[in-house]
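Report on one structure; see the data block that follows.
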Amino acid sequence: MLSCKTFFQTYVSPKMKTLVIVLTPLLLLPLIFNGAEARAGYCVLLMTIFWLTSALPEAVTSLLPIVLFPLLDILSTSEVCALYIKQSNIVFFGGVVLALGVERSNLHRRIALRVILTFGTNPRWLMLGFMSVSMSLSLWISNSGVTAMLIPIVNAVVDELFHDSMDVEMGANSLASQHSSIVTLQETGQPTKQCSRSNDIKQKVKVPFLIAVSYAASLGGTGTLIGSGAPLAFKGIFEDLYGSDTGLSFATWMAIGVPVALITTLLAWIWLQVLFAADFKSTANDDCGMRNKEDIKSSIRNQYTELGPMTYYEKSILFLFGLLIVLWVSKDPQFMPGWEDLFHQENRIGDGTVAIAVVVLAFILPSEPNFLCFRKAGEESSSSPALLEWSYVQRKFPWSVLLLLGGGYAISDASKVSGLSVLLANYLSSLATLPPFAVLLIMCFLTSAITEIASNTAIASILLPIVAQITEVAKLNPLYLMMPVTFSCCHAFMLPVGTPSNAMVFSAGKMKPGDMMKAGAVMKIISIFVLCSIMETVGVAIFGLSNSQQSICIE
């Protein structure tokens with residue numbers, strides 16, 4: 001007779017996605033007969049379950065509003081489709097396209113190696129170097145892209161920290177050849193005891209390095225509005241609910257996001273030093289197999305030297321990326337007039353206009369200086385490819401994220417039109433009796449727990465409209481709760497499924513589930529308290545979130 005476990009593994013598990021797709025709509029069907037709020041709830045619950053279980057690809061689930069909302073008489077087809085291309089999508093497109101230019105030019109690798117050289121060869125300081133690179137790049141480049149770029153560099157650098165039996169015969173191996181670990185063998189083909197111990201220590205050191213890279217990428221992704229999907233979802237939903245004249249801009253978001261990312265990254269480094277203290281201490285023993293510090297630094301420097309001098313291509317991409325950031329930040333900095341004020345016109349210039357203007361320049365400017373006065377003497381004039389080519393962008397761009405953002409905006413709009421968000425907020429009206437800081441902590445803890453098992457952008461899209469209504473019931477400034485909840489959507493530190501970055505480092509480090517859970521549980525507490533403290537201090541100064549003003553909602 002089959003046990004329950006065997007029956008489940010044999011007959012249920014292989015067909016789990018099919019069962020979810022078929023049964024979920026049927027089980028939720030009674031909701032569609034109970035008013036507009038319930039019909040909207042049917043759609044939101046259906047999409048949430050599909051997102052949580054991955055029954056359908058995330059992008060496909062994100063397209064369901066185009067089918068469900070018109071059929072259930074919540075929004076018309078034209079209204080739903082219009083929500084899939086909002087200004088926030090265009091901002092995301094522009095930022096990612098330029099980030100692809102950085103990746104194509106290899107500029108990010110140059111920055112990474114330069115920072116690592118600056119921090120030295122002590123494993124503790126090297127970790128801080130990697131976290132600084134990961135956090136800084138994730139402000140502008142996708143978290144998963146930064147993590148994917150840094151994993152082989154982490155593997156190579158950690159491998160370089162330890163002696164290898166082949167070094168005597170072959171000399172110092174390059175970083176590239178260190179990506180696969182080589183084990184010293186005796187004549188019998190078995191690893192020596194010392195080599196085995198060295199490999200064990202190497203693995204123990206590699207795990208905290210990889211965890212640190214993933215955590216720093218998640219934290220850096222919240223520092224700017226284009227760092228990850230959740231801040232962009234927030235921008236679109238917030239402007240849809242309250243308009244564009246709210247005091248929220250690229251600069252004011254960074255005034256909150258960058259301090260949160262910097263402080264939390266530093267505290268994460270300290271926490272990982274404490275958690276993995278025994279592993280780092282083992283590298284101080286003479287028999288651990290660590291190399292001489294000068295040899296390690298020389299090996300990393302050789303990798304940096306192999307990149308050669310900074311090319312015209314890299315300089316051009318760096319200039320355009322810097323230009324984009326400066327234009328975004330200085331457009332409407334709030335604390336002083338911005339360049340937008342020079343244009344005395346009725347229609348405002350949005351961040352999307354700036355993003356596309358710079359992207360168009362990237363498709364016009366050449367990648368090689370073989371024209372006019374830049375051409376070398378005697379060299380014939382020839383055409384040069386542009387800094388970016390559409391075929392490359394088309395192949396590398398994460399198109400599914402655009403659909404995910406669009407699906408989130410559709411959920412937000414439907415929740416508002418149907419009255420679902422108001423209904424849910426009324427059920428949570430008891431929160432209004434609590435002090436504002438207590439409400440803030442509860443919402444952040446709740447959000448950071450849910451985001452461990454679902455897409456950050458999807459969770460932000462579902463929760464933010466509800467949170468907006470809670471602020472109105474509790475008579476709080478919407479920014480007071482909506483911004484921290486958005487940050488918390490990105491603070492998935494405990495499970496590999498929380499973010500693509502977590503999954504990548506979990507696999508690359510061959511970790512046990514407990515490795516990430518032990519580190520992530522404390523990281524959640526650290527990140528939430530840092531975030532809430534920044535909102536109570538910097539947020540008060542920038543957005544006027546003092547107690548006397550929290551009862552005033554933005555119109």
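By convention here, the chains of the structure tokens are called A, B, ... in the order presented, each chain's residues are numbered starting at 1, and ligands are numbered starting at 1 in the order presented.
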Show me, as a short mmCIF file (atom, residue, chain, number, x, y, z; two decimals) with C-alpha atoms, in the first residue's frame, the residues that have an atom within 7 Å of A:Ala492 when counting only C-alpha atoms, minus same-chain residues fewer than 4 positions from it.
```cif
data_model
loop_
_atom_site.label_atom_id
_atom_site.label_comp_id
_atom_site.auth_asym_id
_atom_site.auth_seq_id
_atom_site.Cartn_x
_atom_site.Cartn_y
_atom_site.Cartn_z
CA SER A 448 9.12 41.28 4.23
CA THR A 451 8.09 38.67 -0.23
CA GLU A 452 10.18 35.59 0.65
CA GLY A 498 12.99 35.10 -2.53
CA THR A 499 14.94 36.71 -5.37
#
```
Proximity check stretch 382-487 of chain A to stretch 28-48 of chain A, 8 Å, nearest pairs one decimal Å, only C-alpha atoms, as JSON lines:
```
{"residue": "A:Ile411", "atom": "CA", "partner": "A:Val44", "partner_atom": "CA", "distance": 6.8}
{"residue": "A:Ala414", "atom": "CA", "partner": "A:Ala40", "partner_atom": "CA", "distance": 6.6}
{"residue": "A:Ser415", "atom": "CA", "partner": "A:Ala40", "partner_atom": "CA", "distance": 6.4}
{"residue": "A:Ser418", "atom": "CA", "partner": "A:Glu37", "partner_atom": "CA", "distance": 5.2}
{"residue": "A:Gly419", "atom": "CA", "partner": "A:Glu37", "partner_atom": "CA", "distance": 5.6}
{"residue": "A:Leu420", "atom": "CA", "partner": "A:Glu37", "partner_atom": "CA", "distance": 4.5}
{"residue": "A:Leu423", "atom": "CA", "partner": "A:Glu37", "partner_atom": "CA", "distance": 7.6}
{"residue": "A:Ala458", "atom": "CA", "partner": "A:Thr48", "partner_atom": "CA", "distance": 7.9}
{"residue": "A:Ile462", "atom": "CA", "partner": "A:Val44", "partner_atom": "CA", "distance": 7.5}
```
To test your reading of the structure, identify every residue in stretch 224-461 of chain A that backbone DSSP assigns to alpha helix (DSSP H), and report it as a PyMOL selection string.
chain A and resi 229-242+250-275+277-282+293-306+312-331+351-364+390-396+399-418+420-427+436-450+456-461
To one decimal place, how far is atom CA of A:Ile116 from atom CA of A:Tyr304 in Å?
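Between atom CA of A:Ile116 and atom CA of A:Tyr304 the gap works out to 10.1 Å.
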May I have the residues within 7 Å of stretch 89-103 of chain A as a short mmCIF file (atom, residue, chain, number, x, y, z; two decimals) with N, CA and C atoms, in the first residue's frame, using only C-alpha atoms and disregarding those fewer than 3 positions away in the same chain?
```cif
data_model
loop_
_atom_site.label_atom_id
_atom_site.label_comp_id
_atom_site.auth_asym_id
_atom_site.auth_seq_id
_atom_site.Cartn_x
_atom_site.Cartn_y
_atom_site.Cartn_z
N ILE A 85 1.71 50.41 -20.52
CA ILE A 85 2.78 51.33 -20.94
C ILE A 85 2.56 52.67 -20.26
N LYS A 86 3.10 52.78 -19.05
CA LYS A 86 3.06 54.03 -18.30
C LYS A 86 4.47 54.63 -18.27
N ASN A 106 31.91 46.11 -20.65
CA ASN A 106 32.71 45.49 -19.59
C ASN A 106 33.14 46.50 -18.54
N LEU A 107 32.50 47.64 -18.51
CA LEU A 107 32.84 48.68 -17.54
C LEU A 107 32.58 48.21 -16.12
N HIS A 108 31.52 47.42 -15.92
CA HIS A 108 31.18 46.96 -14.57
C HIS A 108 32.28 46.06 -14.00
N TRP A 140 21.82 50.96 -10.21
CA TRP A 140 21.53 51.31 -11.60
C TRP A 140 21.30 50.11 -12.49
N ILE A 141 21.88 48.96 -12.13
CA ILE A 141 21.78 47.74 -12.94
C ILE A 141 20.93 46.73 -12.18
N ILE A 226 15.07 53.19 -10.24
CA ILE A 226 15.24 52.23 -11.34
C ILE A 226 16.04 51.01 -10.91
N ILE A 317 30.00 55.33 -22.67
CA ILE A 317 28.90 54.77 -21.89
C ILE A 317 28.86 55.38 -20.50
N PHE A 321 25.73 57.44 -18.94
CA PHE A 321 25.09 57.00 -17.70
C PHE A 321 25.15 58.10 -16.66
N ASP A 351 10.48 61.92 -16.07
CA ASP A 351 11.73 61.14 -16.09
C ASP A 351 11.83 60.28 -17.35
N GLY A 352 10.67 59.86 -17.88
CA GLY A 352 10.69 59.03 -19.09
C GLY A 352 11.27 59.77 -20.28
N ALA A 355 15.04 59.73 -19.92
CA ALA A 355 15.58 58.39 -20.16
C ALA A 355 15.67 58.08 -21.65
N ILE A 356 14.59 58.36 -22.38
CA ILE A 356 14.58 58.03 -23.80
C ILE A 356 15.52 58.94 -24.59
N VAL A 359 18.90 57.43 -24.16
CA VAL A 359 18.95 56.15 -24.87
C VAL A 359 19.11 56.37 -26.38
N LEU A 388 25.20 51.30 -28.78
CA LEU A 388 24.24 50.21 -28.56
C LEU A 388 23.61 49.81 -29.88
N VAL A 393 20.15 44.71 -27.52
CA VAL A 393 19.13 45.09 -26.53
C VAL A 393 17.95 44.13 -26.58
N LEU A 402 8.54 44.25 -17.88
CA LEU A 402 7.60 45.28 -18.33
C LEU A 402 6.17 44.80 -18.19
#
```
What's the 8 Å shell around stretch 507-516 of chain A, counting only C-alpha atoms, without same-chain residues fewer than 3 positions away, as number ranges by chain?
A: 151, 203, 206-207, 210-211, 493-496, 503-504, 519-520
Spatial neighbours of A:Cys81, max dist 10 Å, only C-alpha atoms, sep filter under 3 positions, as a list in words
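With the cut-off at 10 Å, the set is Leu63, Pro65, Ile66, Leu75, Ser76, Thr77, Ser78, Tyr84, Ile85, Gly406, Gly407 and Ala410 of chain A.
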Separation of atom CA of A:Val205 from atom CA of A:Phe280, in Å and rounded to one decimal:
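Going from atom CA of A:Val205 over to atom CA of A:Phe280, I get 6.6 Å.
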Report the distance between atom CA of A:Ser142 and atom CA of A:Gly227 in Å, rounded to one decimal place.
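Atom CA of A:Gly227 lies 6.2 Å from atom CA of A:Ser142.
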What lies within 8 Å of A:Val467 using only C-alpha atoms, ignoring chain neighbours under 3 positions off, as a list in words?
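Contacts, with the query itself left out: Ala425, Leu463, Leu464, Ile470, Thr471, Pro478, Leu481 and Met482 of chain A.
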Residue with smallest distance to A:Leu126 - pool A:Ile300, A:Asp73, A:Gly221, A:Asn143, counting only C-alpha atoms
A:Ile300
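Counting only C-alpha atoms and comparing A:Thr447, A:Gln273, A:Thr224, A:Ser367, the residue that lies closest to A:Val260 is A:Thr224.
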For A:Thr486: contacts at 8 Å, only C-alpha atoms, fewer than 6 positions along chain excluded, given as a VMD selection string
chain A and resid 230 to 231 234 460 464
Check the smallest atom-to-atom distance from each of A:His344, A:Lys281, A:Lys524, A:Arg114 to A:Lys204 using only C-alpha atoms, then report the winner.
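Closest to A:Lys204, using only C-alpha atoms: A:Lys281.
Closest approach to A:Val274 among A:Ser54, A:Ser384, A:Lys518, A:Val146 is made by A:Lys518 (distances from only C-alpha atoms).
Nearest to A:Arg348 of all the residues A:Phe506, A:Asp245, A:Ser316, A:Met310 is A:Asp245, counting only C-alpha atoms.
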